[in-house]
Amino acid sequence: MKSGWLYALAVAVLVLVAYGAHVATLDARSAKPELDLARSQTTSGGLYVAAIEPEVADVKQGVLHSWVLTVKTADGQPVDDARVAIDGGMPEHNHGLPTSPRMTEYLGNGRYRIEGVKFSMSGRWELRFDISAAPGSDSVTFNLVL
Amino acid sequence: MDGRTVWLAMAVLVSAAALSGCSGETFTDEEKATIALLSLASLPPLPPDPTNKYADDPAAAALGATLFFDQRMSIDGVVACGTCHLIDKQFQDDLPRGKGVGTTDRRTMPLAGVAWGPWFFWDGRRDSLWAQALTPLEEQREHGGTRAFYAHFVAENFNERYQRIFGPLPDLSSVPEQAGPFGTDAEKAAWATMTPEQQDDVNRVFSNLGKGIAAFERSIAPQETRFDRFAGAIAAGTEPSEDAALTDEEIAGLKLFIGKANCSTCHTGPRLTDDSFHNTGVPVVAGLPEDLGRETGAKEVAADPFNCLGKFSDAGPEACGELRFMVKDDPRLTRAYKPPSLRGAATRPPYMHAGQFATLEEVVDHYSRAPAAPSGQSELHPLNLSERERQQLIAFVKTLSN
């Protein structure tokens, strides 16, 4: 009798372990490549180092908010008088931003206020900045997950 | 069966019981997060309306409620806001297109939760609830009056109540009975003869009427549904039971809604709308004028003298972010419409901006087939839903109605 229970228990444990391994394999297979969520990036042509930071502590879905974009040269000098255009969207849903954010103010020391950003749903968003200043034109794309 | 086989069978049963939680009945953490977002529990408090300083004034709301149901607020004396926004029908009228003095080109929208959104009408052609309320009053097929007519009407019928809330009424003695920028040729001509000061006086009274009506409409909030009780139990980690329970079919529909069917891409958040504009390839209605949706709506709201940036708004430009940063010139706006809230949708056919679909079955069929848009580009991709999946989706949408 006792050996019967042990046998049943052993089989049950084996089944569960096998299932666990199966699930783990599935998870590993479905795992997406690591997304670069860095808030500071070198622009694609290497002209600038751009960093973004939200002006609110908590970025909420569906609410307008502002960001500060800091632009420096590769050797760390703040960039003045830049023209900044903003674009973006959700690549997985093939749609753009629900608003048209703009650079509205130069805050000094290479810092620019970007107003009118809204994320209308949760998920992965891209924010792309086209930056033009004395050193030239370059762009940078940030990934954000809401 | 020998002893060993019995034990083996028991082992399989034990394992199956342990794994039963992993069947289709449970949700992943990601699904749970999405369900929580759709739940009424995540609805924020009623947002302030800085464009309307009377938005939370009870006296303004009371006058607004009176005006909302007053049929004298129309050219023929039989059309009130409440004629199309029926109080016992979720503040809509069950018709493909609203009927006031004449028949309009669009489906009447329900009002529950309307004050939480940044854009009004299917195409977002107004950016505040009070500016929205003014528009049908001057539309010839809706209330059919002019702003001069409404100013006189209030001065004659609600003089004391008006002045107690909004301050002194201007002298309207030399203002024509009927005059406005959108009326008949005679009414437009009469408006053009008025001095800018007279026009300003009338616009001020007219905008205050809208602000009163908006103050009333702000009180119309979404109601808790069976889905919300279910979502509450899921969030709390308890077993949904009794009036919080969903059937297997409804749960399967919920999983489709937030998964394969992509419904929650646009029908998101506790009001089941993303407050944005989307072309979903909805067919045109034969005989109606060309309707370009948000493409026209964005231009109209930018030009509206009663918008957030206009002189009758009580807000400074810092409160007008939605208008200042709206998408204006973009091919995506062509035939794009605002996703309506799906709360209560199951009990208020017909569907779409001109009542194109009579049943939820037709709606789901449209989304499953994803036909090309009459103009612009549809955002949909074919879902090829099975008959069973269609029924599951519909069963879920019904849990959003009481």
# chains A, B, ... in the order shown; residues from 1 in each chain; ligands from 1
>>> residues_around(residues="stretch 274-280 of chain B", least_positions_apart="4", cutoff="6 Å", atoms="only C-alpha atoms", output="list in words")
Ser120 of chain A; Cys266, Thr268, Arg335, Ala336, Tyr337, Lys338, Ser378, Glu379 and Leu380 of chain B
>>> residues_around(residues="stretch 70-73 of chain A", least_positions_apart="5", cutoff="6 Å", atoms="only C-alpha atoms", output="MDAnalysis selection string")
chainID A and resid 48:51 78:79 110:111
>>> closest_residue(among="B:Thr265, B:Thr334, B:Leu393, B:Leu309", to="A:Asn94", atoms="only C-alpha atoms")
B:Thr265
>>> atom_distance(atom1="atom CA of B:Val363", atom2="atom CA of B:Pro331")
24.5 Å
>>> residues_around(residues="B:Arg141", least_positions_apart="2", cutoff="8 Å", atoms="only C-alpha atoms", output="JSON, numbers by chain")
{"B": [99, 100, 101, 102, 103, 104, 139, 143, 144]}
>>> atom_distance(atom1="atom CA of A:Met103", atom2="atom CA of B:Ala298")
21.1 Å
>>> residues_around(residues="stretch 80-95 of chain B", least_positions_apart="6", cutoff="8 Å", atoms="only C-alpha atoms", output="VMD selection string")
chain B and resid 67 to 74 107 to 112 143 344 348 to 350 355
>>> write_last_selection(atoms="C-alpha atoms", output="JSON list (two decimals), in the first residue's frame")
[["chain", "number", "residue", "atom", "x", "y", "z"],
["B", 67, "LEU", "CA", -32.35, 73.72, -20.48],
["B", 68, "PHE", "CA", -31.33, 70.18, -21.54],
["B", 69, "PHE", "CA", -34.95, 69.03, -21.36],
["B", 70, "ASP", "CA", -36.62, 72.29, -22.53],
["B", 71, "GLN", "CA", -38.17, 71.81, -25.98],
["B", 72, "ARG", "CA", -38.53, 75.56, -26.39],
["B", 73, "MET", "CA", -34.78, 75.56, -27.04],
["B", 74, "SER", "CA", -35.49, 74.98, -30.76],
["B", 107, "ARG", "CA", -25.66, 58.55, -34.96],
["B", 108, "THR", "CA", -26.54, 60.22, -31.61],
["B", 109, "MET", "CA", -23.81, 59.44, -29.06],
["B", 110, "PRO", "CA", -24.60, 58.24, -25.52],
["B", 111, "LEU", "CA", -23.46, 60.52, -22.68],
["B", 112, "ALA", "CA", -22.23, 58.30, -19.82],
["B", 143, "HIS", "CA", -32.52, 72.50, -32.87],
["B", 344, "GLY", "CA", -23.78, 49.74, -22.57],
["B", 348, "ARG", "CA", -27.99, 50.31, -27.93],
["B", 349, "PRO", "CA", -27.91, 49.23, -31.59],
["B", 350, "PRO", "CA", -27.46, 50.36, -34.33],
["B", 355, "GLY", "CA", -25.78, 53.52, -37.75]]
>>> residues_around(residues="A:Gln61", least_positions_apart="6", cutoff="8 Å", atoms="only C-alpha atoms", output="VMD selection string")
chain A and resid 118 to 122 146
>>> write_last_selection(atoms="C-alpha atoms", output="PDB file, in the first residue's frame")
ATOM      1  CA  LYS A 118       0.535  61.298 -25.087  1.00  0.00           C
ATOM      2  CA  PHE A 119       0.537  57.507 -25.045  1.00  0.00           C
ATOM      3  CA  SER A 120      -2.993  56.333 -25.721  1.00  0.00           C
ATOM      4  CA  MET A 121      -2.438  52.696 -24.736  1.00  0.00           C
ATOM      5  CA  SER A 122      -0.071  50.470 -22.827  1.00  0.00           C
ATOM      6  CA  LEU A 146       4.080  51.766 -20.713  1.00  0.00           C
TER       7      LEU A 146
END
>>> closest_residue(among="A:Leu144, A:Leu107, A:Arg124, A:Pro101", to="chain B", atoms="only C-alpha atoms")
A:Pro101
>>> decode(residues="stretch 90-140 of chain A", atoms="N, CA and C atoms", output="PDB file, in the first residue's frame")
ATOM      1  N   MET A  90       3.651  53.282 -32.333  1.00  0.00           N
ATOM      2  CA  MET A  90       3.719  51.913 -31.826  1.00  0.00           C
ATOM      3  C   MET A  90       4.021  50.990 -32.999  1.00  0.00           C
ATOM      4  N   PRO A  91       5.271  50.574 -33.157  1.00  0.00           N
ATOM      5  CA  PRO A  91       5.612  49.751 -34.312  1.00  0.00           C
ATOM      6  C   PRO A  91       4.807  48.456 -34.388  1.00  0.00           C
ATOM      7  N   GLU A  92       4.468  47.883 -33.231  1.00  0.00           N
ATOM      8  CA  GLU A  92       3.734  46.606 -33.257  1.00  0.00           C
ATOM      9  C   GLU A  92       2.290  46.770 -33.720  1.00  0.00           C
ATOM     10  N   HIS A  93       1.741  47.979 -33.589  1.00  0.00           N
ATOM     11  CA  HIS A  93       0.362  48.201 -34.027  1.00  0.00           C
ATOM     12  C   HIS A  93       0.311  49.058 -35.282  1.00  0.00           C
ATOM     13  N   ASN A  94       1.489  49.408 -35.783  1.00  0.00           N
ATOM     14  CA  ASN A  94       1.555  50.144 -37.040  1.00  0.00           C
ATOM     15  C   ASN A  94       0.777  51.454 -36.981  1.00  0.00           C
ATOM     16  N   HIS A  95       0.838  52.139 -35.819  1.00  0.00           N
ATOM     17  CA  HIS A  95       0.229  53.477 -35.792  1.00  0.00           C
ATOM     18  C   HIS A  95       1.170  54.482 -35.158  1.00  0.00           C
ATOM     19  N   GLY A  96       0.950  55.751 -35.514  1.00  0.00           N
ATOM     20  CA  GLY A  96       1.809  56.837 -35.044  1.00  0.00           C
ATOM     21  C   GLY A  96       1.399  57.339 -33.682  1.00  0.00           C
ATOM     22  N   LEU A  97       1.922  58.488 -33.322  1.00  0.00           N
ATOM     23  CA  LEU A  97       1.554  59.105 -32.039  1.00  0.00           C
ATOM     24  C   LEU A  97       0.146  59.679 -32.147  1.00  0.00           C
ATOM     25  N   PRO A  98      -0.613  59.658 -31.049  1.00  0.00           N
ATOM     26  CA  PRO A  98      -1.963  60.220 -31.115  1.00  0.00           C
ATOM     27  C   PRO A  98      -1.968  61.756 -31.100  1.00  0.00           C
ATOM     28  N   THR A  99      -0.827  62.358 -30.791  1.00  0.00           N
ATOM     29  CA  THR A  99      -0.727  63.829 -30.777  1.00  0.00           C
ATOM     30  C   THR A  99       0.471  64.246 -31.625  1.00  0.00           C
ATOM     31  N   SER A 100       0.643  65.552 -31.800  1.00  0.00           N
ATOM     32  CA  SER A 100       1.819  66.097 -32.494  1.00  0.00           C
ATOM     33  C   SER A 100       2.669  66.869 -31.491  1.00  0.00           C
ATOM     34  N   PRO A 101       3.560  66.202 -30.757  1.00  0.00           N
ATOM     35  CA  PRO A 101       4.366  66.909 -29.766  1.00  0.00           C
ATOM     36  C   PRO A 101       5.326  67.896 -30.457  1.00  0.00           C
ATOM     37  N   ARG A 102       5.654  68.959 -29.754  1.00  0.00           N
ATOM     38  CA  ARG A 102       6.581  69.956 -30.304  1.00  0.00           C
ATOM     39  C   ARG A 102       7.575  70.389 -29.246  1.00  0.00           C
ATOM     40  N   MET A 103       8.741  70.860 -29.709  1.00  0.00           N
ATOM     41  CA  MET A 103       9.675  71.512 -28.815  1.00  0.00           C
ATOM     42  C   MET A 103       9.153  72.931 -28.617  1.00  0.00           C
ATOM     43  N   THR A 104       8.865  73.313 -27.383  1.00  0.00           N
ATOM     44  CA  THR A 104       8.227  74.614 -27.143  1.00  0.00           C
ATOM     45  C   THR A 104       9.134  75.610 -26.436  1.00  0.00           C
ATOM     46  N   GLU A 105      10.253  75.143 -25.869  1.00  0.00           N
ATOM     47  CA  GLU A 105      11.057  76.073 -25.090  1.00  0.00           C
ATOM     48  C   GLU A 105      12.481  75.551 -24.958  1.00  0.00           C
ATOM     49  N   TYR A 106      13.440  76.476 -25.089  1.00  0.00           N
ATOM     50  CA  TYR A 106      14.824  76.118 -24.783  1.00  0.00           C
ATOM     51  C   TYR A 106      15.087  76.486 -23.326  1.00  0.00           C
ATOM     52  N   LEU A 107      15.474  75.500 -22.549  1.00  0.00           N
ATOM     53  CA  LEU A 107      15.626  75.727 -21.106  1.00  0.00           C
ATOM     54  C   LEU A 107      17.075  76.056 -20.728  1.00  0.00           C
ATOM     55  N   GLY A 108      17.965  76.109 -21.715  1.00  0.00           N
ATOM     56  CA  GLY A 108      19.374  76.387 -21.448  1.00  0.00           C
ATOM     57  C   GLY A 108      20.153  75.114 -21.175  1.00  0.00           C
ATOM     58  N   ASN A 109      21.485  75.219 -21.309  1.00  0.00           N
ATOM     59  CA  ASN A 109      22.366  74.087 -21.009  1.00  0.00           C
ATOM     60  C   ASN A 109      22.040  72.837 -21.842  1.00  0.00           C
ATOM     61  N   GLY A 110      21.649  73.059 -23.091  1.00  0.00           N
ATOM     62  CA  GLY A 110      21.361  71.936 -23.984  1.00  0.00           C
ATOM     63  C   GLY A 110      20.031  71.245 -23.730  1.00  0.00           C
ATOM     64  N   ARG A 111      19.163  71.884 -22.901  1.00  0.00           N
ATOM     65  CA  ARG A 111      17.894  71.230 -22.517  1.00  0.00           C
ATOM     66  C   ARG A 111      16.711  71.871 -23.244  1.00  0.00           C
ATOM     67  N   TYR A 112      15.834  71.028 -23.790  1.00  0.00           N
ATOM     68  CA  TYR A 112      14.690  71.488 -24.571  1.00  0.00           C
ATOM     69  C   TYR A 112      13.411  70.860 -24.012  1.00  0.00           C
ATOM     70  N   ARG A 113      12.378  71.717 -23.859  1.00  0.00           N
ATOM     71  CA  ARG A 113      11.097  71.164 -23.382  1.00  0.00           C
ATOM     72  C   ARG A 113      10.292  70.654 -24.583  1.00  0.00           C
ATOM     73  N   ILE A 114       9.799  69.411 -24.454  1.00  0.00           N
ATOM     74  CA  ILE A 114       8.972  68.786 -25.492  1.00  0.00           C
ATOM     75  C   ILE A 114       7.571  68.647 -24.899  1.00  0.00           C
ATOM     76  N   GLU A 115       6.613  69.392 -25.449  1.00  0.00           N
ATOM     77  CA  GLU A 115       5.246  69.351 -24.911  1.00  0.00           C
ATOM     78  C   GLU A 115       4.319  68.552 -25.827  1.00  0.00           C
ATOM     79  N   GLY A 116       3.223  68.084 -25.244  1.00  0.00           N
ATOM     80  CA  GLY A 116       2.168  67.454 -26.049  1.00  0.00           C
ATOM     81  C   GLY A 116       2.374  65.973 -26.317  1.00  0.00           C
ATOM     82  N   VAL A 117       3.116  65.297 -25.451  1.00  0.00           N
ATOM     83  CA  VAL A 117       3.305  63.849 -25.638  1.00  0.00           C
ATOM     84  C   VAL A 117       2.137  63.112 -24.977  1.00  0.00           C
ATOM     85  N   LYS A 118       1.596  62.130 -25.687  1.00  0.00           N
ATOM     86  CA  LYS A 118       0.535  61.298 -25.087  1.00  0.00           C
ATOM     87  C   LYS A 118       0.709  59.866 -25.586  1.00  0.00           C
ATOM     88  N   PHE A 119       0.555  58.925 -24.682  1.00  0.00           N
ATOM     89  CA  PHE A 119       0.537  57.507 -25.045  1.00  0.00           C
ATOM     90  C   PHE A 119      -0.873  56.994 -24.783  1.00  0.00           C
ATOM     91  N   SER A 120      -1.572  56.644 -25.863  1.00  0.00           N
ATOM     92  CA  SER A 120      -2.993  56.333 -25.721  1.00  0.00           C
ATOM     93  C   SER A 120      -3.247  54.900 -25.282  1.00  0.00           C
ATOM     94  N   MET A 121      -2.227  54.065 -25.230  1.00  0.00           N
ATOM     95  CA  MET A 121      -2.438  52.696 -24.736  1.00  0.00           C
ATOM     96  C   MET A 121      -1.146  52.156 -24.144  1.00  0.00           C
ATOM     97  N   SER A 122      -1.268  51.060 -23.407  1.00  0.00           N
ATOM     98  CA  SER A 122      -0.071  50.470 -22.827  1.00  0.00           C
ATOM     99  C   SER A 122       0.652  49.649 -23.894  1.00  0.00           C
ATOM    100  N   GLY A 123       1.925  49.418 -23.672  1.00  0.00           N
ATOM    101  CA  GLY A 123       2.712  48.656 -24.632  1.00  0.00           C
ATOM    102  C   GLY A 123       3.996  49.385 -24.992  1.00  0.00           C
ATOM    103  N   ARG A 124       4.615  48.968 -26.098  1.00  0.00           N
ATOM    104  CA  ARG A 124       5.896  49.546 -26.503  1.00  0.00           C
ATOM    105  C   ARG A 124       5.684  50.721 -27.456  1.00  0.00           C
ATOM    106  N   TRP A 125       6.259  51.841 -27.092  1.00  0.00           N
ATOM    107  CA  TRP A 125       6.202  53.046 -27.922  1.00  0.00           C
ATOM    108  C   TRP A 125       7.613  53.429 -28.350  1.00  0.00           C
ATOM    109  N   GLU A 126       7.682  54.122 -29.480  1.00  0.00           N
ATOM    110  CA  GLU A 126       8.942  54.724 -29.918  1.00  0.00           C
ATOM    111  C   GLU A 126       8.772  56.236 -29.945  1.00  0.00           C
ATOM    112  N   LEU A 127       9.813  56.946 -29.509  1.00  0.00           N
ATOM    113  CA  LEU A 127       9.856  58.404 -29.649  1.00  0.00           C
ATOM    114  C   LEU A 127      11.124  58.717 -30.433  1.00  0.00           C
ATOM    115  N   ARG A 128      10.932  59.401 -31.582  1.00  0.00           N
ATOM    116  CA  ARG A 128      12.072  59.692 -32.445  1.00  0.00           C
ATOM    117  C   ARG A 128      12.277  61.199 -32.484  1.00  0.00           C
ATOM    118  N   PHE A 129      13.515  61.623 -32.351  1.00  0.00           N
ATOM    119  CA  PHE A 129      13.845  63.049 -32.388  1.00  0.00           C
ATOM    120  C   PHE A 129      14.792  63.307 -33.547  1.00  0.00           C
ATOM    121  N   ASP A 130      14.421  64.261 -34.402  1.00  0.00           N
ATOM    122  CA  ASP A 130      15.317  64.738 -35.456  1.00  0.00           C
ATOM    123  C   ASP A 130      15.909  66.047 -34.967  1.00  0.00           C
ATOM    124  N   ILE A 131      17.204  66.068 -34.802  1.00  0.00           N
ATOM    125  CA  ILE A 131      17.886  67.208 -34.186  1.00  0.00           C
ATOM    126  C   ILE A 131      18.777  67.885 -35.226  1.00  0.00           C
ATOM    127  N   SER A 132      18.562  69.190 -35.392  1.00  0.00           N
ATOM    128  CA  SER A 132      19.428  69.954 -36.305  1.00  0.00           C
ATOM    129  C   SER A 132      20.039  71.111 -35.539  1.00  0.00           C
ATOM    130  N   ALA A 133      21.358  71.194 -35.551  1.00  0.00           N
ATOM    131  CA  ALA A 133      22.069  72.311 -34.911  1.00  0.00           C
ATOM    132  C   ALA A 133      23.376  72.522 -35.676  1.00  0.00           C
ATOM    133  N   ALA A 134      24.226  73.403 -35.151  1.00  0.00           N
ATOM    134  CA  ALA A 134      25.452  73.758 -35.875  1.00  0.00           C
ATOM    135  C   ALA A 134      26.271  72.530 -36.333  1.00  0.00           C
ATOM    136  N   PRO A 135      26.430  71.524 -35.494  1.00  0.00           N
ATOM    137  CA  PRO A 135      27.225  70.365 -35.964  1.00  0.00           C
ATOM    138  C   PRO A 135      26.574  69.569 -37.092  1.00  0.00           C
ATOM    139  N   GLY A 136      25.271  69.749 -37.322  1.00  0.00           N
ATOM    140  CA  GLY A 136      24.603  69.024 -38.406  1.00  0.00           C
ATOM    141  C   GLY A 136      23.283  68.413 -37.951  1.00  0.00           C
ATOM    142  N   SER A 137      22.680  67.608 -38.835  1.00  0.00           N
ATOM    143  CA  SER A 137      21.383  66.979 -38.530  1.00  0.00           C
ATOM    144  C   SER A 137      21.588  65.500 -38.210  1.00  0.00           C
ATOM    145  N   ASP A 138      20.880  65.044 -37.201  1.00  0.00           N
ATOM    146  CA  ASP A 138      20.990  63.644 -36.814  1.00  0.00           C
ATOM    147  C   ASP A 138      19.697  63.240 -36.102  1.00  0.00           C
ATOM    148  N   SER A 139      19.506  61.959 -35.923  1.00  0.00           N
ATOM    149  CA  SER A 139      18.266  61.536 -35.263  1.00  0.00           C
ATOM    150  C   SER A 139      18.545  60.411 -34.268  1.00  0.00           C
ATOM    151  N   VAL A 140      17.580  60.244 -33.372  1.00  0.00           N
ATOM    152  CA  VAL A 140      17.711  59.227 -32.332  1.00  0.00           C
ATOM    153  C   VAL A 140      16.321  58.701 -31.987  1.00  0.00           C
TER     154      VAL A 140
END
